[in-house]
file input_12.cif (mmCIF, C-alpha atoms)
data_model
#
loop_
_atom_site.label_atom_id
_atom_site.label_comp_id
_atom_site.auth_asym_id
_atom_site.auth_seq_id
_atom_site.Cartn_x
_atom_site.Cartn_y
_atom_site.Cartn_z
CA MET A 29 157.31 153.99 116.59
CA ASN A 30 154.39 156.29 115.95
CA ARG A 31 154.72 155.50 112.25
CA TYR A 32 154.23 151.75 112.92
CA ILE A 33 151.23 152.41 115.15
CA LEU A 34 149.62 154.56 112.45
CA LEU A 35 150.29 151.89 109.82
CA LEU A 36 148.73 149.22 112.04
CA ILE A 37 145.66 151.39 112.63
CA ALA A 38 145.34 151.98 108.88
CA LEU A 39 145.51 148.26 108.09
CA VAL A 40 142.91 147.42 110.75
CA SER A 41 140.64 150.17 109.42
CA VAL A 42 140.86 148.83 105.88
CA GLU A 43 140.11 145.28 107.06
CA LEU A 44 137.10 146.47 109.07
CA SER A 45 135.90 148.44 106.08
CA PHE A 46 135.93 145.34 103.89
CA ALA A 47 134.14 143.34 106.59
CA GLN A 48 131.44 145.97 106.94
CA HIS A 49 130.83 146.06 103.20
CA ALA A 50 130.75 142.31 102.57
CA TYR A 51 127.84 141.70 100.23
CA PHE A 52 125.15 139.25 101.27
CA GLY A 53 122.70 139.40 98.37
CA THR A 54 119.01 138.68 98.83
CA ARG A 55 117.97 138.94 95.17
CA GLY A 56 119.18 137.04 92.16
CA LYS A 57 119.16 133.83 90.15
CA ILE A 58 120.75 130.47 90.90
CA SER A 59 121.45 127.97 88.11
CA PHE A 60 121.00 124.34 89.18
CA ASP A 61 121.78 120.96 87.67
CA ARG A 62 118.98 118.54 88.52
CA ILE A 63 120.53 115.10 88.19
CA THR A 64 118.34 112.00 88.13
CA TYR A 65 120.07 108.64 88.53
CA THR A 66 117.72 107.06 86.01
CA ARG A 67 119.03 103.50 86.02
CA ALA A 68 118.94 103.29 89.83
CA ARG A 69 115.39 104.65 89.87
CA MET A 70 114.25 102.13 87.29
CA ARG A 71 115.83 99.23 89.15
CA GLU A 72 114.13 100.26 92.38
CA MET A 73 110.82 100.77 90.59
CA MET A 74 110.95 97.34 89.03
CA SER A 75 111.95 95.76 92.33
CA ASN A 76 108.92 97.35 93.99
CA MET A 77 106.67 96.14 91.19
CA ASP A 78 108.09 92.63 91.50
CA ASN A 79 107.29 92.64 95.20
CA THR A 80 103.78 93.88 94.46
CA ASN A 81 103.11 91.30 91.75
CA ARG A 82 104.78 88.34 93.43
CA GLY A 83 101.55 87.14 94.97
CA GLY A 84 99.89 87.08 91.56
CA GLY A 85 102.74 85.42 89.74
CA GLY A 86 103.67 88.62 87.90
CA GLY A 87 107.26 89.03 89.07
CA ARG A 88 109.56 90.06 86.23
CA GLY A 89 112.94 90.16 87.96
CA MET A 90 115.38 93.02 87.95
CA GLN A 91 115.77 93.05 84.19
CA MET A 92 113.14 94.88 82.15
CA ARG A 93 112.86 94.80 78.39
CA ILE A 94 112.43 98.28 76.91
CA GLY A 95 112.16 98.61 73.15
CA GLY A 96 114.24 95.48 72.54
CA GLY A 97 116.94 96.40 75.07
CA ASP A 98 117.32 95.98 78.82
CA ILE A 99 117.55 98.38 81.72
CA ASN A 100 121.35 98.49 81.51
CA ASN A 101 121.12 100.18 78.11
CA ILE A 102 119.36 103.31 79.36
CA PRO A 103 121.53 106.29 80.45
CA GLU A 104 122.80 106.06 84.00
CA THR A 105 121.90 109.70 84.69
CA GLN A 106 119.81 112.47 83.21
CA THR A 107 120.58 116.17 83.85
CA GLN A 108 118.11 119.01 83.55
CA LYS A 109 119.00 122.70 83.85
CA MET A 110 116.92 124.66 86.37
CA ASP A 111 116.83 128.34 87.32
CA LEU A 112 115.83 129.50 90.80
CA TYR A 113 114.89 133.18 91.09
CA PHE A 114 114.84 134.56 94.61
CA ASP A 115 114.26 137.69 96.63
CA GLU A 116 113.71 138.39 100.32
CA ASN A 117 110.32 136.64 100.55
CA HIS A 118 109.82 134.59 97.38
CA THR A 119 111.41 131.99 95.11
CA LEU A 120 110.46 130.76 91.65
CA MET A 121 111.98 127.68 90.03
CA LEU A 122 111.67 127.14 86.28
CA HIS A 123 113.21 124.80 83.72
CA ALA A 124 115.99 126.62 81.92
CA ASP A 125 115.14 124.57 78.81
CA PRO A 126 111.38 123.81 78.79
CA GLU A 127 111.55 122.02 75.43
CA ALA A 128 114.08 119.49 76.75
CA ALA A 129 111.97 119.00 79.88
CA ALA A 130 108.92 118.19 77.78
CA ASN A 131 110.29 114.97 76.34
CA PRO A 132 113.37 113.56 78.12
CA GLN A 133 114.37 110.00 77.22
CA ALA A 134 114.37 108.81 80.83
CA MET A 135 110.81 110.00 81.35
CA ARG A 136 109.66 108.08 78.26
CA VAL A 137 111.32 104.94 79.60
CA GLY A 138 109.98 105.43 83.11
CA ARG A 139 106.34 105.57 82.08
CA GLN A 140 106.45 102.06 80.67
CA GLY A 141 107.17 100.77 84.16
CA ARG A 142 104.30 102.59 85.85
CA GLY A 143 101.39 100.28 85.15
CA ASN A 144 98.29 102.43 84.84
CA MET A 145 100.22 105.56 83.83
CA SER A 146 101.10 104.00 80.48
CA GLY A 147 97.51 103.75 79.36
CA GLY A 148 95.32 102.49 82.19
CA ARG A 149 95.41 98.81 81.18
CA GLY A 150 97.45 97.47 84.10
CA GLN A 151 96.38 96.84 87.65
CA GLY A 152 94.81 99.74 89.42
CA SER A 153 93.84 101.71 86.34
CA GLY A 154 91.46 103.52 88.61
CA ARG A 155 88.31 103.43 86.48
CA SER A 156 85.35 103.90 88.76
CA ALA A 157 81.68 104.04 87.91
CA GLY A 158 80.56 107.54 87.15
CA ALA A 159 84.07 109.00 87.09
CA SER A 160 84.02 112.09 84.91
CA THR A 161 87.69 113.04 84.99
CA PRO A 162 89.38 112.15 81.69
CA ARG A 163 92.70 110.32 81.68
CA PRO A 164 95.35 113.07 81.61
CA ASN A 165 98.26 113.23 79.21
CA MET A 166 101.39 112.85 81.37
CA ARG A 167 103.81 113.36 78.46
CA ASN A 168 104.42 117.07 79.10
CA LEU A 169 104.17 116.94 82.89
CA ASN A 170 107.55 118.63 83.36
CA ALA A 171 107.29 121.07 80.47
CA GLN A 172 107.03 124.74 81.50
CA LYS A 173 106.48 123.78 85.13
CA ALA A 174 106.81 126.60 87.66
CA ILE A 175 107.38 126.07 91.39
CA TYR A 176 106.75 129.14 93.56
CA GLN A 177 107.28 129.79 97.27
CA ASP A 178 105.87 132.65 99.32
CA LEU A 179 108.15 132.46 102.33
CA LYS A 180 106.38 135.21 104.25
CA LYS A 181 102.96 133.54 103.99
CA SER A 182 104.44 130.01 104.11
CA GLU A 183 102.56 129.04 100.96
CA SER A 184 103.46 127.32 97.70
CA GLN A 185 102.05 127.23 94.19
CA ILE A 186 102.89 124.85 91.35
CA GLN A 187 101.85 125.60 87.79
CA MET A 188 101.93 122.55 85.57
CA THR A 189 100.35 121.17 82.42
CA ILE A 190 98.51 117.91 82.00
CA ASP A 191 95.82 118.38 79.38
CA GLU A 192 95.24 121.89 80.70
CA LYS A 193 97.25 124.20 82.90
CA TYR A 194 96.71 124.03 86.65
CA ILE A 195 98.01 126.02 89.59
CA LEU A 196 98.15 123.86 92.70
CA SER A 197 98.23 125.73 96.00
CA ASP A 198 99.31 124.35 99.36
CA SER A 199 101.00 125.40 102.57
CA LEU A 200 104.74 124.88 102.85
CA SER A 201 105.30 121.56 104.59
CA PRO A 202 107.62 121.74 107.61
CA ILE A 203 111.00 120.04 107.35
CA THR A 204 112.86 118.86 110.45
CA TRP A 205 116.58 119.65 110.06
CA ARG A 206 119.56 118.24 111.96
CA PHE A 207 122.86 120.13 111.60
CA THR A 208 126.21 118.45 111.04
CA ASP A 209 129.85 119.62 111.07
CA GLU A 210 130.41 118.69 107.42
CA TYR A 211 131.06 121.47 104.87
CA ARG A 212 131.28 121.53 101.10
CA ASN A 213 132.10 124.21 98.55
CA ILE A 214 129.29 124.64 96.03
CA ALA A 215 129.39 127.27 93.27
CA GLY A 216 132.04 129.17 95.24
CA PHE A 217 130.12 129.21 98.54
CA GLU A 218 131.04 127.39 101.73
CA CYS A 219 127.97 125.29 102.55
CA ARG A 220 127.09 123.38 105.69
CA ARG A 221 125.45 119.98 105.51
CA VAL A 222 122.15 119.32 107.28
CA ASN A 223 120.00 116.20 107.27
CA GLY A 224 116.25 116.63 107.02
CA ALA A 225 112.96 114.77 107.05
CA THR A 226 109.58 115.85 105.70
CA LYS A 227 106.28 115.07 107.38
CA ASP A 228 105.90 112.29 104.79
CA SER A 229 109.12 110.74 106.18
CA LEU A 230 111.14 111.58 103.10
CA TYR A 231 114.86 111.83 103.94
CA LEU A 232 116.76 114.85 102.58
CA ILE A 233 120.41 115.93 102.59
CA ALA A 234 120.93 119.66 102.09
CA TYR A 235 123.89 122.04 101.91
CA TYR A 236 123.14 125.69 102.69
CA THR A 237 125.10 128.93 102.84
CA ASP A 238 124.37 131.84 105.17
CA GLN A 239 126.02 134.15 102.63
CA ILE A 240 122.65 134.21 100.85
CA PRO A 241 120.32 135.05 103.77
CA VAL A 242 117.13 133.71 102.22
CA SER A 243 115.61 130.65 103.89
CA ALA A 244 114.80 128.68 100.74
CA GLY A 245 116.11 126.32 98.10
CA PRO A 246 115.13 124.09 95.16
CA ALA A 247 111.99 121.95 95.09
CA LEU A 248 110.16 123.86 97.85
CA SER A 249 112.96 123.32 100.36
CA HIS A 250 113.15 125.89 103.15
CA GLY A 251 113.61 126.38 106.88
CA LEU A 252 117.40 126.88 107.13
CA PRO A 253 119.33 130.07 107.99
CA GLY A 254 120.37 130.56 104.38
CA MET A 255 119.98 129.39 100.80
CA ILE A 256 120.22 125.69 99.94
CA LEU A 257 122.71 125.23 97.08
CA GLY A 258 122.89 121.45 97.17
CA MET A 259 120.19 118.89 97.90
CA VAL A 260 120.07 115.10 97.68
CA ILE A 261 116.90 113.01 97.84
CA PRO A 262 118.35 109.49 98.22
CA GLU A 263 115.10 107.56 98.00
CA MET A 264 114.22 109.22 94.69
CA HIS A 265 117.80 109.19 93.34
CA ILE A 266 117.60 112.93 92.62
CA HIS A 267 120.34 115.54 93.23
CA TYR A 268 120.29 119.33 92.91
CA TRP A 269 123.62 121.17 92.66
CA ALA A 270 124.02 124.91 92.11
CA THR A 271 126.44 125.82 89.34
CA GLU A 272 126.23 129.62 89.33
CA VAL A 273 124.81 132.43 91.46
CA THR A 274 123.98 135.80 89.87
CA TYR A 275 122.90 138.75 92.03
CA THR A 276 120.40 141.31 90.76
CA ASN A 277 118.27 144.14 92.12
CA ASP A 278 115.07 142.63 90.72
CA PRO A 279 112.30 140.90 92.68
CA VAL A 280 111.10 137.44 91.67
CA PRO A 281 109.24 137.64 88.32
CA ASN A 282 105.45 137.60 88.68
CA THR A 283 104.63 136.94 85.02
CA TRP A 284 104.83 133.15 85.27
CA ARG A 285 101.14 132.60 86.08
CA ASP A 286 98.94 131.77 83.12
CA LYS A 287 95.60 133.58 83.47
CA LYS A 288 93.83 130.57 81.96
CA SER A 289 95.20 128.16 84.57
CA LYS A 290 92.73 126.39 86.81
CA THR A 291 93.51 126.93 90.49
CA MET A 292 92.97 124.11 92.96
CA THR A 293 94.52 122.80 96.16
CA LEU A 294 97.01 119.95 96.11
CA ASP A 295 94.50 117.79 98.01
CA ASP A 296 91.80 118.46 95.39
CA PHE A 297 94.29 117.57 92.67
CA SER A 298 95.18 114.36 94.49
CA ASN A 299 91.51 113.38 94.69
CA ALA A 300 90.93 114.15 91.00
CA PHE A 301 94.10 112.75 89.43
CA GLY A 302 95.77 110.68 92.15
CA ARG A 303 94.89 107.33 90.59
CA TYR A 304 97.17 108.12 87.65
CA PHE A 305 100.16 108.42 90.00
CA GLN A 306 99.70 105.20 91.97
CA ARG A 307 101.73 102.12 91.07
CA GLY A 308 99.75 98.98 90.50
CA ASN A 309 96.95 98.65 93.03
CA ILE A 310 98.89 100.14 95.94
CA ARG A 311 97.88 103.57 97.27
CA ASP A 312 100.39 103.84 100.11
CA ASN A 313 102.15 107.22 100.25
CA LEU A 314 100.16 108.47 97.26
CA ARG A 315 100.87 112.07 98.24
CA ARG A 316 104.60 111.39 98.12
CA ARG A 317 104.30 109.87 94.65
CA ILE A 318 102.49 112.98 93.45
CA LEU A 319 105.17 115.20 95.01
CA GLU A 320 107.83 113.09 93.32
CA GLN A 321 106.33 113.90 89.92
CA LEU A 322 105.30 117.52 90.53
CA ILE A 323 107.97 118.95 92.84
CA TYR A 324 111.14 116.91 93.20
#
call {"tool": "encode", "arguments": {"input": "input_12.cif", "output": "structure tokens"}}
result
Amino acid sequence: MNRYILLLIALVSVELSFAQHAYFGTRGKISFDRITYTRARMREMMSNMDNTNRGGGGGRGMQMRIGGGDINNIPETQTQKMDLYFDENHTLMLHADPEAAANPQAMRVGRQGRGNMSGGRGQGSGRSAGASTPRPNMRNLNAQKAIYQDLKKSESQIQMTIDEKYILSDSLSPITWRFTDEYRNIAGFECRRVNGATKDSLYLIAYYTDQIPVSAGPALSHGLPGMILGMVIPEMHIHYWATEVTYTNDPVPNTWRDKKSKTMTLDDFSNAFGRYFQRGNIRDNLRRRILEQLIY
């Protein structure tokens, strides 16, 4: 009898030992697939442009001619590889393949449907008397882009290239989250679904795990009791899904900043370059359109 009691105590001790030493890493790298549903985005973009131009007789229907083909001939999705470095108080998201990000096919197609962004000849080209800001080159907008979060200070920085390199600083925008009872396994982690909304009324779906106790995620997402490994932005037809998590002992790299970059706030950038992001002559939700290009 005593032998069974001792065996039971030993088994319980071993189980408690494993529980006490479960590893919840706070430093490492997460590999993400950023999936853009290109065809759906183009259809929605053209539908919005049709609605905008309908009053002026410029409606073009759902079908758009692109280089002799139609919208159904472009790829349905486009996938970019992203790396998210994280530690206790910071995250840094970079393109895993900057060269591919510099010239993706879907981005080339998309610019032809953006009116003034294709050369400033459409409606709302934004030329104003005395304007000194040159028209930026949007071709490499995604190339070598860095998205940085300081979770302790609740601040963000985005380094990106137009004609020059800029670092755009801003405070982290609050996200209102609503928890659900739905779970999903992502990259080997059990993740809980939450539904969120930004202050710009952008709807988000996120899946987070408390096994990585860092309140962050891709594309400046934050505010949950763990790391976001899956995120869906339905209105923009963009998905982020983690594919691999690697733990390290290293803090987030701090060598990403280019010393020659010009630092400005996101609001200053919006005032200087915002007209190149608007569609047609409509300026509604201009901030969201800029975020769509720079962050999401």
call {"tool": "atom_distance", "arguments": {"input": "input_12.cif", "atom1": "CA of Leu179 in chain A", "atom2": "CA of Gly245 in chain A"}}
result
10.9 Å
call {"tool": "closest_residue", "arguments": {"input": "input_12.cif", "among": "A:Thr107, A:Thr226, A:Ser243, A:Gln187", "to": "Ile203 in chain A", "atoms": "all atoms listed in the file"}}
result
A:Thr226
call {"tool": "resolve_selection", "arguments": {"input": "input_12.cif", "expression": "the PyMOL selection byres ((chain A and resi 217) around 9)", "output": "NGL selection string"}}
result
:A and (212-216 or 218-219 or 236-237 or 239 or 257)
call {"tool": "write_last_selection", "arguments": {"input": "input_12.cif", "atoms": "C-alpha atoms", "output": "compact mmCIF listing (two decimals), keeping the file's coordinate frame"}}
result
# COMPACT_ATOMS: atom_id res chain seq x y z
CA ARG A 212 131.28 121.53 101.10
CA ASN A 213 132.10 124.21 98.55
CA ILE A 214 129.29 124.64 96.03
CA ALA A 215 129.39 127.27 93.27
CA GLY A 216 132.04 129.17 95.24
CA GLU A 218 131.04 127.39 101.73
CA CYS A 219 127.97 125.29 102.55
CA TYR A 236 123.14 125.69 102.69
CA THR A 237 125.10 128.93 102.84
CA GLN A 239 126.02 134.15 102.63
CA LEU A 257 122.71 125.23 97.08
call {"tool": "closest_residue", "arguments": {"input": "input_12.cif", "among": "A:Asp228, A:Asn223, A:Asn299, A:His265", "to": "Leu252 in chain A", "atoms": "only C-alpha atoms"}}
result
A:Asn223
call {"tool": "closest_residue", "arguments": {"input": "input_12.cif", "among": "A:Asp98, A:Ser229, A:Asp125, A:Ala234", "to": "Thr208 in chain A", "atoms": "all atoms listed in the file"}}
result
A:Ala234
call {"tool": "atom_distance", "arguments": {"input": "input_12.cif", "atom1": "CA of Asp191 in chain A", "atom2": "CA of Leu322 in chain A"}}
result
14.7 Å
call {"tool": "residues_near_point", "arguments": {"input": "input_12.cif", "point": "(116.7, 132.4, 87.9)", "cutoff": "8 Å", "atoms": "all atoms listed in the file", "output": "list in words"}}
result
Gly56, Lys57, Ile58, Ser59, Met110, Asp111, Leu112, Tyr113, Phe114, Leu120, Met121 and Leu122 of chain A
call {"tool": "residues_near_point", "arguments": {"input": "input_12.cif", "point": "(125.2, 126.3, 91.1)", "cutoff": "6 Å", "atoms": "only C-alpha atoms", "output": "PyMOL selection string"}}
result
chain A and resi 59-60+215+269-272
call {"tool": "write_last_selection", "arguments": {"input": "input_12.cif", "atoms": "C-alpha atoms", "output": "compact mmCIF listing (two decimals), in the frame of the given file"}}
result
# COMPACT_ATOMS: atom_id res chain seq x y z
CA SER A 59 121.45 127.97 88.11
CA PHE A 60 121.00 124.34 89.18
CA ALA A 215 129.39 127.27 93.27
CA TRP A 269 123.62 121.17 92.66
CA ALA A 270 124.02 124.91 92.11
CA THR A 271 126.44 125.82 89.34
CA GLU A 272 126.23 129.62 89.33
call {"tool": "closest_residue", "arguments": {"input": "input_12.cif", "among": "A:Ala124, A:Val242, A:Ala300, A:Val273", "to": "Asp178 in chain A", "atoms": "only C-alpha atoms"}}
result
A:Val242
call {"tool": "resolve_selection", "arguments": {"input": "input_12.cif", "expression": "the PyMOL selection byres ((chain A and resi 230-232) around 10)", "output": "list in words"}}
result
Ile203, Thr204, Trp205, Val222, Asn223, Gly224, Ala225, Thr226, Lys227, Asp228, Ser229, Ile233, Ala234, Ser249, Met259, Val260, Ile261, Pro262, Glu263, Met264 and Arg316 of chain A
call {"tool": "closest_residue", "arguments": {"input": "input_12.cif", "among": "A:Asp115, A:Gly251, A:Ile190, A:Ile99", "to": "Thr274 in chain A", "atoms": "only C-alpha atoms"}}
result
A:Asp115
call {"tool": "atom_distance", "arguments": {"input": "input_12.cif", "atom1": "CA of Glu183 in chain A", "atom2": "CA of Leu196 in chain A"}}
result
10.7 Å
call {"tool": "closest_residue", "arguments": {"input": "input_12.cif", "among": "A:Thr64, A:Gln177, A:Gln321, A:Thr283", "to": "Glu116 in chain A", "atoms": "only C-alpha atoms"}}
result
A:Gln177
call {"tool": "residues_around", "arguments": {"input": "input_12.cif", "residues": "Ser197 in chain A", "least_positions_apart": "6", "cutoff": "6 Å", "atoms": "only C-alpha atoms", "output": "MDAnalysis selection string"}}
result
chainID A and resid 184:185 293:294
call {"tool": "resolve_selection", "arguments": {"input": "input_12.cif", "expression": "the PyMOL selection byres ((chain A and resi 323) around 8)", "output": "PyMOL selection string"}}
result
chain A and resi 175+186+247-248+319-322+324
